[in-house]
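> What follows is coords_1.txt, compact mmCIF, C-alpha atoms.
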# COMPACT_ATOMS: atom_id res chain seq x y z
CA GLY A 420 0.00 0.00 0.00
CA GLN A 421 3.02 2.32 -0.04
CA PHE A 422 4.63 3.78 -3.16
CA SER A 423 7.88 5.03 -4.57
CA GLY A 424 7.14 7.12 -7.63
CA PRO A 425 3.78 5.71 -8.80
CA ARG A 426 3.38 6.46 -12.50
CA SER A 427 0.16 5.02 -13.92
CA ILE A 428 -3.18 3.55 -12.90
CA ALA A 429 -5.81 1.33 -14.56
CA ILE A 430 -9.27 0.20 -13.43
CA ASP A 431 -10.63 -3.25 -14.26
CA ALA A 432 -14.24 -4.34 -14.90
CA GLU A 433 -14.80 -5.03 -11.17
CA GLY A 434 -13.67 -1.54 -10.22
CA ASN A 435 -10.30 -2.59 -8.79
CA LEU A 436 -7.38 -0.17 -9.17
CA TRP A 437 -4.02 -1.39 -10.49
CA VAL A 438 -1.10 0.98 -9.83
CA ALA A 439 2.32 0.94 -11.50
CA ASP A 440 4.59 1.49 -8.49
CA ALA A 441 7.61 2.36 -10.62
CA GLY A 442 10.30 2.92 -7.99
CA ASN A 443 9.44 -0.33 -6.20
CA ASN A 444 9.29 -2.29 -9.46
CA ARG A 445 5.87 -3.76 -8.75
CA ILE A 446 2.18 -3.51 -9.53
CA GLN A 447 -0.20 -3.05 -6.62
CA LYS A 448 -3.93 -3.84 -6.59
CA PHE A 449 -6.52 -1.94 -4.54
CA ASN A 450 -10.30 -2.18 -4.32
CA SER A 451 -12.59 0.70 -5.22
CA LYS A 452 -12.23 2.04 -1.66
CA GLY A 453 -8.46 2.21 -1.99
CA GLU A 454 -7.86 -0.76 0.29
CA TYR A 455 -4.76 -2.83 -0.52
CA LEU A 456 -5.44 -6.29 -1.98
CA SER A 457 -2.31 -7.75 -3.56
CA GLN A 458 0.83 -7.09 -5.62
CA PHE A 459 3.19 -8.71 -8.09
CA GLY A 460 6.60 -7.97 -9.56
CA THR A 461 10.21 -7.75 -8.41
CA LYS A 462 13.23 -6.00 -9.89
CA GLY A 463 14.91 -7.87 -12.72
CA SER A 464 14.78 -8.77 -16.39
CA GLY A 465 13.26 -12.24 -16.21
CA ASN A 466 9.69 -13.10 -17.17
CA GLY A 467 7.36 -11.35 -14.75
CA GLN A 468 10.11 -9.14 -13.34
CA LEU A 469 10.11 -5.39 -13.84
CA ASN A 470 12.58 -2.54 -14.16
CA LEU A 471 10.78 0.78 -13.79
CA PRO A 472 7.17 -0.07 -14.79
CA THR A 473 5.59 3.21 -15.87
CA GLY A 474 2.35 2.27 -17.63
CA ILE A 475 -0.49 -0.19 -17.17
CA ALA A 476 -3.72 -1.01 -19.03
CA VAL A 477 -6.45 -3.66 -18.80
CA ASP A 478 -7.75 -5.35 -21.96
CA SER A 479 -11.27 -6.67 -22.65
CA LEU A 480 -10.38 -10.08 -21.17
CA GLY A 481 -9.10 -8.57 -17.93
CA ASN A 482 -5.42 -9.14 -18.66
CA LEU A 483 -2.90 -6.53 -17.51
CA TRP A 484 -0.35 -5.00 -19.89
CA VAL A 485 2.64 -3.24 -18.31
CA THR A 486 5.24 -1.01 -19.94
CA ASP A 487 8.50 -2.36 -18.49
CA THR A 488 10.49 0.75 -19.35
CA ASN A 489 14.11 -0.09 -18.59
CA ASN A 490 13.70 -3.62 -19.99
CA TYR A 491 12.44 -2.08 -23.27
CA ARG A 492 9.36 -4.30 -23.44
CA VAL A 493 5.69 -4.71 -22.61
CA GLN A 494 4.62 -7.63 -20.41
CA ARG A 495 1.20 -9.24 -20.11
CA PHE A 496 -0.23 -10.71 -16.89
CA ASN A 497 -3.56 -12.32 -16.07
CA SER A 498 -5.97 -10.89 -13.51
CA LYS A 499 -4.11 -12.75 -10.73
CA GLY A 500 -0.83 -11.10 -11.68
CA GLU A 501 0.60 -14.25 -13.22
CA TYR A 502 2.99 -13.76 -16.14
CA LEU A 503 1.60 -14.67 -19.58
CA SER A 504 3.77 -13.19 -22.33
CA LYS A 505 5.94 -10.29 -23.46
CA PHE A 506 7.04 -8.43 -26.57
CA GLY A 507 9.59 -5.81 -27.53
CA SER A 508 13.35 -5.35 -27.35
CA PHE A 509 15.86 -2.48 -27.44
CA GLY A 510 16.21 -0.68 -30.74
CA SER A 511 14.63 1.67 -33.24
CA GLY A 512 13.13 -0.85 -35.66
CA SER A 513 9.47 -1.71 -35.96
CA GLY A 514 8.34 -3.34 -32.73
CA GLN A 515 11.43 -2.25 -30.83
CA PHE A 516 11.56 0.35 -28.06
CA GLN A 517 13.83 2.94 -26.50
CA LEU A 518 12.35 3.75 -23.11
CA PRO A 519 8.66 2.87 -23.60
CA GLU A 520 7.51 5.26 -20.89
CA GLY A 521 4.07 6.19 -19.61
CA ALA A 522 0.52 5.00 -20.02
CA LEU A 523 -0.50 2.66 -22.80
CA THR A 524 -4.11 2.51 -23.91
CA PHE A 525 -6.58 0.26 -25.73
CA ASP A 526 -9.12 1.26 -28.35
CA SER A 527 -12.56 -0.31 -28.90
CA SER A 528 -11.07 -2.98 -31.19
CA ASP A 529 -8.51 -4.11 -28.58
CA ASN A 530 -5.64 -2.50 -30.47
CA PHE A 531 -3.25 -0.87 -28.06
CA TRP A 532 -0.95 2.10 -28.34
CA VAL A 533 2.48 2.26 -26.67
CA PRO A 534 4.46 5.50 -26.18
CA ASP A 535 8.01 4.79 -27.40
CA THR A 536 9.55 7.83 -25.73
CA GLY A 537 13.19 7.35 -26.68
CA ASN A 538 12.31 6.95 -30.35
CA GLY A 539 9.88 9.86 -30.25
CA ARG A 540 6.93 7.84 -31.56
CA ILE A 541 3.76 5.94 -30.68
CA GLU A 542 3.55 2.28 -31.68
CA LYS A 543 0.30 0.47 -32.44
CA TRP A 544 -0.03 -3.22 -31.57
CA THR A 545 -2.90 -5.61 -32.20
CA ILE A 546 -3.93 -8.55 -30.01
CA ALA A 547 -4.02 -11.58 -32.28
CA PHE A 548 -5.32 -15.05 -31.57
CA ALA A 549 -3.14 -18.03 -32.40
CA PHE A 550 -3.65 -21.77 -32.35
CA SER A 551 -2.40 -23.30 -29.11
CA SER A 552 -3.38 -26.98 -28.97
CA SER A 553 -6.04 -29.56 -29.80
CA PHE A 554 -7.30 -32.91 -28.64
CA GLY A 555 -9.61 -35.61 -29.95
CA SER A 556 -9.99 -37.77 -33.05
CA GLU A 557 -12.79 -39.63 -34.79
CA GLY A 558 -14.10 -42.67 -32.96
CA THR A 559 -16.10 -44.05 -30.07
CA GLY A 560 -13.34 -44.53 -27.50
CA ASN A 561 -12.65 -42.37 -24.47
CA GLY A 562 -11.62 -38.94 -25.68
CA GLN A 563 -12.73 -39.58 -29.25
CA PHE A 564 -15.63 -37.85 -30.99
CA ALA A 565 -18.30 -38.26 -33.64
CA GLY A 566 -19.27 -34.70 -34.44
CA PRO A 567 -18.62 -32.72 -31.22
CA ALA A 568 -21.44 -30.18 -30.94
CA GLY A 569 -20.22 -27.68 -28.39
CA VAL A 570 -18.05 -26.99 -25.33
CA THR A 571 -19.06 -25.85 -21.84
CA ARG A 572 -16.56 -24.85 -19.16
CA ASP A 573 -17.44 -25.35 -15.48
CA SER A 574 -16.34 -23.25 -12.50
CA SER A 575 -13.30 -25.51 -11.96
CA GLY A 576 -12.11 -25.08 -15.55
CA ASN A 577 -13.13 -28.55 -16.70
CA LEU A 578 -14.54 -28.93 -20.19
CA TRP A 579 -17.81 -30.76 -20.94
CA ILE A 580 -18.11 -31.74 -24.61
CA ALA A 581 -21.36 -32.70 -26.33
CA ASP A 582 -20.25 -35.72 -28.39
CA GLY A 583 -23.23 -35.57 -30.73
CA GLY A 584 -22.86 -38.65 -32.90
CA ASN A 585 -21.94 -40.81 -29.91
CA ASN A 586 -24.87 -39.46 -27.83
CA ARG A 587 -22.79 -38.77 -24.77
CA ILE A 588 -21.20 -36.00 -22.75
CA GLN A 589 -17.45 -36.28 -22.18
CA LYS A 590 -15.53 -34.45 -19.47
CA PHE A 591 -11.91 -33.27 -19.84
CA ASN A 592 -9.63 -31.18 -17.68
CA SER A 593 -8.32 -27.82 -18.87
CA SER A 594 -5.38 -29.55 -20.57
CA GLY A 595 -7.67 -31.75 -22.65
CA VAL A 596 -7.09 -34.91 -20.63
CA TYR A 597 -10.09 -37.27 -20.61
CA LEU A 598 -11.78 -37.67 -17.21
CA SER A 599 -15.21 -39.30 -17.56
CA GLN A 600 -18.42 -39.55 -19.58
CA PHE A 601 -22.13 -40.26 -19.35
CA GLY A 602 -24.94 -41.04 -21.79
CA SER A 603 -25.71 -43.46 -24.58
CA SER A 604 -28.04 -43.71 -27.55
CA GLY A 605 -31.73 -44.22 -26.81
CA SER A 606 -34.85 -42.73 -25.24
CA GLY A 607 -34.51 -44.02 -21.68
CA ASN A 608 -33.52 -41.95 -18.67
CA GLY A 609 -30.00 -40.64 -19.20
CA GLN A 610 -29.96 -41.61 -22.87
CA PHE A 611 -29.86 -39.22 -25.83
CA SER A 612 -30.92 -38.86 -29.42
CA GLY A 613 -28.76 -35.95 -30.57
CA LEU A 614 -27.58 -33.33 -28.09
CA SER A 615 -26.01 -29.90 -27.74
CA ALA A 616 -23.52 -28.36 -25.33
CA PRO A 617 -24.78 -28.67 -21.74
CA ALA A 618 -25.57 -25.83 -19.33
CA ILE A 619 -24.18 -26.03 -15.79
CA ASN A 620 -25.80 -24.20 -12.88
CA ALA A 621 -24.18 -22.69 -9.79
CA SER A 622 -24.43 -25.93 -7.83
CA GLY A 623 -22.84 -27.99 -10.60
CA LYS A 624 -26.02 -29.62 -11.93
CA ILE A 625 -25.87 -30.35 -15.65
CA TRP A 626 -28.77 -29.68 -18.04
CA VAL A 627 -28.71 -31.26 -21.50
CA ALA A 628 -31.03 -30.57 -24.47
CA ASP A 629 -31.94 -34.04 -25.78
CA LYS A 630 -32.88 -32.92 -29.28
CA GLY A 631 -34.33 -36.05 -30.87
CA ASN A 632 -36.27 -37.00 -27.75
CA ASN A 633 -37.69 -33.47 -27.40
CA ARG A 634 -36.84 -33.12 -23.75
CA ILE A 635 -34.40 -31.56 -21.31
CA GLN A 636 -32.54 -33.87 -18.93
CA LYS A 637 -30.86 -32.98 -15.66
CA PHE A 638 -27.78 -34.73 -14.23
CA SER A 639 -25.62 -34.44 -11.13
CA SER A 640 -22.08 -33.12 -11.35
CA SER A 641 -20.89 -36.71 -11.68
CA GLY A 642 -23.27 -37.45 -14.57
CA GLU A 643 -25.99 -39.33 -12.66
CA TYR A 644 -29.50 -38.93 -14.08
CA LEU A 645 -31.80 -36.82 -11.89
CA SER A 646 -34.91 -35.72 -13.80
CA GLN A 647 -36.37 -34.51 -17.09
CA PHE A 648 -39.16 -32.45 -18.59
CA GLY A 649 -40.68 -31.83 -22.02
CA SER A 650 -42.34 -33.76 -24.83
CA ALA A 651 -42.84 -33.40 -28.58
CA GLY A 652 -45.22 -30.63 -29.67
CA SER A 653 -45.78 -26.90 -29.91
CA GLY A 654 -47.64 -26.26 -26.66
CA ASN A 655 -46.23 -24.55 -23.60
CA GLY A 656 -43.37 -26.66 -22.28
CA GLN A 657 -43.25 -28.84 -25.37
CA PHE A 658 -40.40 -28.92 -27.88
CA LYS A 659 -39.49 -29.53 -31.48
CA GLU A 660 -35.75 -30.24 -31.50
CA PRO A 661 -34.53 -28.16 -28.53
CA ARG A 662 -30.90 -27.12 -28.89
CA GLY A 663 -29.32 -24.24 -26.97
CA LEU A 664 -29.55 -23.77 -23.19
CA ALA A 665 -28.66 -20.93 -20.84
CA ILE A 666 -29.12 -20.36 -17.10
CA ASP A 667 -29.79 -16.89 -15.71
CA ALA A 668 -28.72 -15.41 -12.37
CA GLU A 669 -31.93 -16.62 -10.69
CA GLY A 670 -31.34 -20.19 -11.81
CA ASN A 671 -34.04 -20.16 -14.48
CA LEU A 672 -33.40 -22.26 -17.57
CA TRP A 673 -33.89 -20.75 -21.04
CA VAL A 674 -34.30 -23.23 -23.90
CA VAL A 675 -33.88 -22.57 -27.63
CA ASP A 676 -36.85 -24.47 -29.07
CA SER A 677 -35.40 -24.52 -32.58
CA GLY A 678 -38.12 -26.26 -34.56
CA ASN A 679 -40.80 -24.06 -33.01
CA ASN A 680 -38.69 -20.91 -33.60
CA ARG A 681 -39.07 -19.66 -30.06
CA ILE A 682 -37.32 -19.36 -26.69
CA GLN A 683 -38.97 -20.93 -23.64
CA LYS A 684 -38.25 -20.12 -20.00
CA PHE A 685 -38.49 -22.63 -17.13
CA ASP A 686 -37.74 -22.43 -13.44
CA SER A 687 -35.05 -24.55 -11.81
CA SER A 688 -37.56 -27.40 -11.37
CA GLY A 689 -38.47 -27.45 -15.06
CA GLU A 690 -41.83 -25.69 -14.63
CA TYR A 691 -42.87 -23.64 -17.66
CA LEU A 692 -42.83 -19.86 -17.10
CA SER A 693 -42.99 -17.98 -20.41
CA GLN A 694 -41.85 -17.77 -24.03
CA PHE A 695 -41.12 -15.39 -26.89
CA GLY A 696 -40.44 -15.57 -30.61
CA SER A 697 -42.12 -16.83 -33.76
CA SER A 698 -41.15 -17.93 -37.25
CA GLY A 699 -39.91 -15.25 -39.64
CA SER A 700 -37.17 -12.73 -40.37
CA GLY A 701 -38.55 -9.66 -38.61
CA ASN A 702 -37.27 -8.21 -35.36
CA GLY A 703 -37.75 -10.79 -32.61
CA GLN A 704 -38.56 -13.58 -35.06
CA PHE A 705 -36.40 -16.62 -35.75
CA LYS A 706 -35.50 -19.05 -38.47
CA ASP A 707 -33.89 -22.13 -36.90
CA PRO A 708 -32.32 -20.50 -33.80
CA ARG A 709 -29.45 -22.44 -32.20
CA GLY A 710 -27.17 -21.11 -29.46
CA MET A 711 -27.93 -18.62 -26.69
CA ALA A 712 -25.98 -16.79 -23.98
CA ILE A 713 -26.94 -14.47 -21.13
CA ASP A 714 -24.82 -11.44 -20.23
CA ALA A 715 -24.17 -9.88 -16.82
CA GLU A 716 -27.19 -7.58 -17.17
CA GLY A 717 -29.52 -10.50 -17.86
CA ASN A 718 -29.88 -9.81 -21.58
CA LEU A 719 -30.31 -12.82 -23.87
CA TRP A 720 -28.26 -13.11 -27.06
CA VAL A 721 -29.73 -15.64 -29.50
CA VAL A 722 -28.04 -17.08 -32.59
CA ASP A 723 -30.69 -16.82 -35.33
CA MET A 724 -28.88 -19.27 -37.56
CA SER A 725 -30.74 -19.29 -40.88
CA ASN A 726 -31.26 -15.52 -40.70
CA ASN A 727 -27.48 -15.18 -40.25
CA ARG A 728 -27.72 -12.78 -37.35
CA ILE A 729 -27.49 -12.44 -33.58
CA GLN A 730 -30.51 -10.96 -31.77
CA LYS A 731 -30.53 -9.35 -28.33
CA PHE A 732 -33.48 -9.47 -25.92
CA ASN A 733 -33.93 -8.17 -22.40
CA SER A 734 -34.74 -10.45 -19.47
CA LYS A 735 -38.45 -10.18 -20.31
CA GLY A 736 -37.88 -11.45 -23.83
CA GLU A 737 -38.41 -8.05 -25.42
CA TYR A 738 -36.45 -7.39 -28.60
CA GLN A 739 -33.58 -4.90 -28.21
CA SER A 740 -31.23 -5.04 -31.19
CA GLN A 741 -29.40 -7.26 -33.67
CA PHE A 742 -26.23 -7.53 -35.74
CA GLY A 743 -25.00 -9.63 -38.63
CA SER A 744 -26.03 -10.45 -42.19
CA SER A 745 -25.33 -13.15 -44.74
CA GLY A 746 -21.81 -13.17 -46.16
CA SER A 747 -18.13 -13.78 -45.50
CA GLY A 748 -17.03 -10.26 -44.62
CA ASN A 749 -16.11 -9.11 -41.14
CA GLY A 750 -19.23 -9.24 -38.99
CA GLN A 751 -21.15 -11.35 -41.50
CA PHE A 752 -22.19 -14.99 -41.09
CA VAL A 753 -23.03 -18.15 -42.96
CA LEU A 754 -24.96 -20.41 -40.57
CA PRO A 755 -23.72 -19.22 -37.17
CA ALA A 756 -24.52 -21.74 -34.46
CA GLY A 757 -22.89 -21.08 -31.09
CA ILE A 758 -22.25 -18.09 -28.86
CA ALA A 759 -20.42 -17.40 -25.60
CA ILE A 760 -19.85 -14.27 -23.53
CA ASP A 761 -16.55 -13.65 -21.78
CA PRO A 762 -16.28 -11.99 -18.35
CA TYR A 763 -15.94 -8.59 -20.01
CA GLY A 764 -19.09 -8.75 -22.12
CA ASN A 765 -17.50 -9.64 -25.46
CA LEU A 766 -19.40 -12.06 -27.70
CA TRP A 767 -17.76 -15.04 -29.40
CA VAL A 768 -19.70 -16.56 -32.29
CA THR A 769 -19.06 -19.77 -34.24
CA ASP A 770 -19.49 -18.82 -37.90
CA GLY A 771 -20.16 -22.34 -39.23
CA LEU A 772 -19.77 -22.41 -43.00
CA ASN A 773 -17.17 -19.64 -42.91
CA SER A 774 -15.13 -21.97 -40.68
CA ARG A 775 -14.10 -19.26 -38.26
CA ILE A 776 -14.78 -17.68 -34.89
CA GLN A 777 -15.72 -14.00 -34.71
CA LYS A 778 -15.49 -11.71 -31.69
CA PHE A 779 -17.77 -8.71 -31.06
CA ASN A 780 -18.04 -6.19 -28.26
CA SER A 781 -21.17 -5.78 -26.12
CA LYS A 782 -22.66 -3.46 -28.74
CA GLY A 783 -22.32 -6.07 -31.46
CA GLU A 784 -19.43 -4.27 -33.11
CA TYR A 785 -16.90 -6.50 -34.87
CA LEU A 786 -13.51 -6.83 -33.14
CA THR A 787 -11.54 -9.72 -34.62
CA LYS A 788 -11.70 -13.24 -36.06
CA PHE A 789 -9.61 -16.36 -36.41
CA GLY A 790 -9.73 -19.64 -38.31
CA SER A 791 -10.11 -20.81 -41.90
CA TYR A 792 -11.37 -23.91 -43.68
CA GLY A 793 -9.23 -27.03 -43.52
CA THR A 794 -7.90 -29.87 -41.39
CA GLY A 795 -4.59 -28.37 -40.33
CA GLU A 796 -3.75 -26.87 -36.96
CA GLY A 797 -5.88 -23.80 -36.40
CA GLN A 798 -8.24 -24.61 -39.25
CA PHE A 799 -11.88 -25.63 -38.91
CA ASN A 800 -14.42 -27.75 -40.72
CA PHE A 801 -17.84 -26.41 -39.72
CA PRO A 802 -17.32 -25.39 -36.07
CA TYR A 803 -20.82 -26.03 -34.79
CA GLY A 804 -22.03 -25.25 -31.30
CA ASN A 805 -21.00 -23.17 -28.34
CA VAL A 806 -17.43 -22.19 -27.58
CA ALA A 807 -16.02 -21.89 -24.06
CA VAL A 808 -13.95 -18.88 -23.01
CA ASP A 809 -11.53 -18.13 -20.18
CA ALA A 810 -9.17 -15.28 -19.34
CA ILE A 811 -6.77 -15.76 -22.24
CA GLY A 812 -8.40 -17.97 -24.81
CA VAL A 813 -11.18 -19.94 -26.41
CA TRP A 814 -12.09 -23.62 -26.72
CA VAL A 815 -13.80 -24.53 -30.01
CA ALA A 816 -15.61 -27.74 -31.02
CA ASP A 817 -14.24 -28.35 -34.53
CA THR A 818 -17.23 -30.48 -35.42
CA SER A 819 -16.44 -32.12 -38.73
CA ASN A 820 -12.77 -32.56 -37.83
CA ASN A 821 -13.82 -34.43 -34.66
CA ARG A 822 -11.59 -32.48 -32.32
CA VAL A 823 -11.54 -29.57 -29.89
CA GLN A 824 -9.11 -26.73 -30.50
CA ARG A 825 -7.62 -24.21 -28.12
CA TRP A 826 -6.80 -20.68 -29.26
CA GLU A 827 -5.04 -18.04 -27.15
CA ASN A 828 -4.37 -14.32 -27.51
As structure tokens - that is how I would like this structure written.

Amino acid sequence: GQFSGPRSIAIDAEGNLWVADAGNNRIQKFNSKGEYLSQFGTKGSGNGQLNLPTGIAVDSLGNLWVTDTNNYRVQRFNSKGEYLSKFGSFGSGSGQFQLPEGALTFDSSDNFWVPDTGNGRIEKWTIAFAFSSSFGSEGTGNGQFAGPAGVTRDSSGNLWIADGGNNRIQKFNSSGVYLSQFGSSGSGNGQFSGLSAPAINASGKIWVADKGNNRIQKFSSSGEYLSQFGSAGSGNGQFKEPRGLAIDAEGNLWVVDSGNNRIQKFDSSGEYLSQFGSSGSGNGQFKDPRGMAIDAEGNLWVVDMSNNRIQKFNSKGEYQSQFGSSGSGNGQFVLPAGIAIDPYGNLWVTDGLNSRIQKFNSKGEYLTKFGSYGTGEGQFNFPYGNVAVDAIGVWVADTSNNRVQRWEN
């Protein structure tokens, strides 16, 4: 909580203050009342060490970027202060620095600007996503897939994969190591006939949309069958190929009832509450909706797949806005299917037939993209279903390549 020549300050999404304590070669964290919370950094030139840190900024994923002035570089740390990466070296060439001193800043597209004081210039850098790793292959064995249809990440960082063609849910740790599974093909309790990425509530209960059986099934955190609701039809509480699921802050379950082109709301016991939507291309209408996500304000973002757009609704199901159109340009889609929201309100959308992932801010403005068609590392073949996000990257179900890929910024 003490300083020696503090030089810069940044505020994260939770209102915490991060201070570049330059003379002490550290970064200190305080809450919104100015109470000390934690710190990181020591003097040196190794990864995570600092030599006169003079600037700090927080990106849209909550990562911290620090101008490490006398080491002629910028370092990146996660929200716990753990070292992630660095760039820059001494010199006057592109991407080099001479005393990068003072505050750096991000624009709305997550580009950031670094004052290169010794060279008398400002440098612009862009956060890019790169392929990190993958796991899975085609088959029926543990850790193999037959058309993975989405990824869900639980509060412990484990990944739950909807293994569509094998009618099961598989669980992996954050490194992609197989842990367990549940489900089989059929119409009995705990069996499936086509499924999408599960939704996991605050207590660890797992909800799965059992598409072909027109029902929603509930399981314990260990995959034991608990209950179900729903039947085939178009009445309240009935379904025609339910697909996407999302759980709001009150524990209510929202179901994308794809074949009926509507969204239905149920309480935590599976009791029907309300619905919205109809078939069409107007505001608030749907044509084969698929994925759905709920943001911190309780707004619902629905992937309106065959209309090639994302629609936003408030917590009452009232239409608010939309973005997207048919095409392959930035911000356009060809059969989008999945959506996820990161802790900072950014939207990640699987753009199926364009074989890519697109990122948008909370206003629906295009930020970046990654991926292309193919079977190589970092390429996709119809990524179909929800992605899972964490502080530095994205997990993607690469459906027709029968694998899950990890991308990091």
> Would you write out, as JSON lines, a table of all residues in stretch 594-710 of chain A that have an atom no more than 9 Å from an atom of stretch 797-807 of chain A, listing for each the closest atom pair and the distance in Å to one decimal, considering all atoms listed in the file and ordering rows by chain and rising residue number?

{"residue": "A:Ser615", "atom": "CA", "partner": "A:Gly804", "partner_atom": "CA", "distance": 7.1}
{"residue": "A:Ala616", "atom": "CA", "partner": "A:Asn805", "partner_atom": "CA", "distance": 6.5}
{"residue": "A:Gly663", "atom": "CA", "partner": "A:Asn805", "partner_atom": "CA", "distance": 8.5}
{"residue": "A:Arg709", "atom": "CA", "partner": "A:Gly804", "partner_atom": "CA", "distance": 8.0}
{"residue": "A:Gly710", "atom": "CA", "partner": "A:Asn805", "partner_atom": "CA", "distance": 6.6}
> Could the residues in this selection be written to a file with C-alpha atoms, as a short mmCIF file (atom, residue, chain, number, x, y, z; two decimals), in the coordinates of the input?

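Written out: out_6.cif:
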data_model
loop_
_atom_site.label_atom_id
_atom_site.label_comp_id
_atom_site.auth_asym_id
_atom_site.auth_seq_id
_atom_site.Cartn_x
_atom_site.Cartn_y
_atom_site.Cartn_z
CA SER A 615 -26.01 -29.90 -27.74
CA ALA A 616 -23.52 -28.36 -25.33
CA GLY A 663 -29.32 -24.24 -26.97
CA ARG A 709 -29.45 -22.44 -32.20
CA GLY A 710 -27.17 -21.11 -29.46
#
> Hey, which of A:Gly701, A:Gly562, A:Pro708, A:Pro762 ends up closest to A:Gly595? Count only C-alpha atoms.
A:Gly562
> Just to confirm, what's the straight-line distance from atom CA of A:Thr536 to atom CA of A:Phe516 in Å (one decimal)?
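Rounded to one decimal, the two atoms are 8.1 Å apart.
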> Could you pull the residues within 9 Å of A:Gln751, counting all atoms listed in the file, minus those fewer than 6 positions along the same chain, as an MDAnalysis selection string?
chainID A and resid 727:728 742:745 770
> Could you tell me how far atom CA of A:Phe591 lies from atom CA of A:Arg822, in Å and to one decimal?
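Atom-to-atom, atom CA of A:Phe591 to atom CA of A:Arg822, that is 12.5 Å.
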> Rounded to one decimal in Å, what is the spacing between atom CA of A:Pro534 and atom CA of A:Pro425?
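If I compute the distance from atom CA of A:Pro534 to atom CA of A:Pro425, I get 17.4 Å.
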> Please determine, counting all atoms listed in the file, which residue among A:Asp817, A:Ala432, A:Arg634, A:Arg445 has the shortest atom-to-atom distance to A:Gly420.
A:Arg445
> Could you name the residues that touch A:Phe531 at 10 Å or less, counting only C-alpha atoms, but leaving out those on the same chain fewer than 5 positions away, as a PyMOL selection string?
chain A and resi 476+478+484+523-526+542-546
> List as a list in words the protein and nucleic acid residues near stretch 453-456 of chain A, meaning an atom at most 10 Å away when all atoms listed in the file are counted, but skip any in the same chain fewer than 6 places from it.
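Those residues are Gly420, Gln421, Asn435, Leu436, Trp437 and Gln447 of chain A.
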> Using only C-alpha atoms, which residues sit within 12 Å of stretch 598-608 of chain A once same-chain residues fewer than 5 positions away are excluded, as an MDAnalysis selection string?
chainID A and resid 559:564 577:593 613:614 625 627 629:648 650
> When distances are computed from only C-alpha atoms, which of A:Asn780, A:Ser688, A:Gly609, A:Gln683 shows the smallest separation from A:Gly736?
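Result for the nearest residue to A:Gly736: A:Gln683.
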> Taking all atoms of stretch 460-477 of chain A that the file lists and extending 3 Å past them on each side, where is the centre of the axis-aligned box and how long are its edges? Answer in Å to one decimal, as lines of an AutoDock Vina configuration file.

center_x = 4.2
center_y = -4.9
center_z = -13.7
size_x = 27.4
size_y = 22.3
size_z = 16.6
> Which residue, A:Ile729, A:Asn450, A:Gly654, A:Thr794, has the smallest gap to A:Gln777 when you use only C-alpha atoms?
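Using only C-alpha atoms, the shortest distance to A:Gln777 belongs to A:Ile729.
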> Some atoms are absent from stretch 431-439 of chain A, so rebuild N, CA, C and O atoms and return them as an mmCIF file, keeping the file's coordinate frame.

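Contents of part.cif, freshly written:
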data_model
loop_
_atom_site.group_PDB
_atom_site.id
_atom_site.type_symbol
_atom_site.label_atom_id
_atom_site.label_comp_id
_atom_site.auth_asym_id
_atom_site.auth_seq_id
_atom_site.Cartn_x
_atom_site.Cartn_y
_atom_site.Cartn_z
ATOM 1 N N ASP A 431 -10.075 -2.094 -13.556
ATOM 2 C CA ASP A 431 -10.630 -3.250 -14.260
ATOM 3 C C ASP A 431 -12.164 -3.247 -14.205
ATOM 4 O O ASP A 431 -12.786 -2.327 -13.650
ATOM 5 N N ALA A 432 -12.778 -4.288 -14.782
ATOM 6 C CA ALA A 432 -14.240 -4.340 -14.900
ATOM 7 C C ALA A 432 -14.928 -4.440 -13.552
ATOM 8 O O ALA A 432 -16.107 -4.083 -13.423
ATOM 9 N N GLU A 433 -14.218 -4.925 -12.508
ATOM 10 C CA GLU A 433 -14.800 -5.030 -11.170
ATOM 11 C C GLU A 433 -14.577 -3.769 -10.339
ATOM 12 O O GLU A 433 -14.969 -3.710 -9.178
ATOM 13 N N GLY A 434 -13.917 -2.783 -10.933
ATOM 14 C CA GLY A 434 -13.670 -1.540 -10.220
ATOM 15 C C GLY A 434 -12.395 -1.515 -9.403
ATOM 16 O O GLY A 434 -12.138 -0.546 -8.679
ATOM 17 N N ASN A 435 -11.577 -2.565 -9.492
ATOM 18 C CA ASN A 435 -10.300 -2.590 -8.790
ATOM 19 C C ASN A 435 -9.287 -1.665 -9.465
ATOM 20 O O ASN A 435 -9.318 -1.496 -10.685
ATOM 21 N N LEU A 436 -8.406 -1.088 -8.673
ATOM 22 C CA LEU A 436 -7.380 -0.170 -9.170
ATOM 23 C C LEU A 436 -6.027 -0.898 -9.201
ATOM 24 O O LEU A 436 -5.613 -1.506 -8.204
ATOM 25 N N TRP A 437 -5.345 -0.816 -10.338
ATOM 26 C CA TRP A 437 -4.020 -1.390 -10.490
ATOM 27 C C TRP A 437 -3.028 -0.223 -10.690
ATOM 28 O O TRP A 437 -3.197 0.588 -11.598
ATOM 29 N N VAL A 438 -2.013 -0.160 -9.842
ATOM 30 C CA VAL A 438 -1.100 0.980 -9.830
ATOM 31 C C VAL A 438 0.316 0.523 -10.179
ATOM 32 O O VAL A 438 0.837 -0.430 -9.576
ATOM 33 N N ALA A 439 0.925 1.196 -11.153
ATOM 34 C CA ALA A 439 2.320 0.940 -11.500
ATOM 35 C C ALA A 439 3.210 1.680 -10.505
ATOM 36 O O ALA A 439 3.375 2.902 -10.583
#
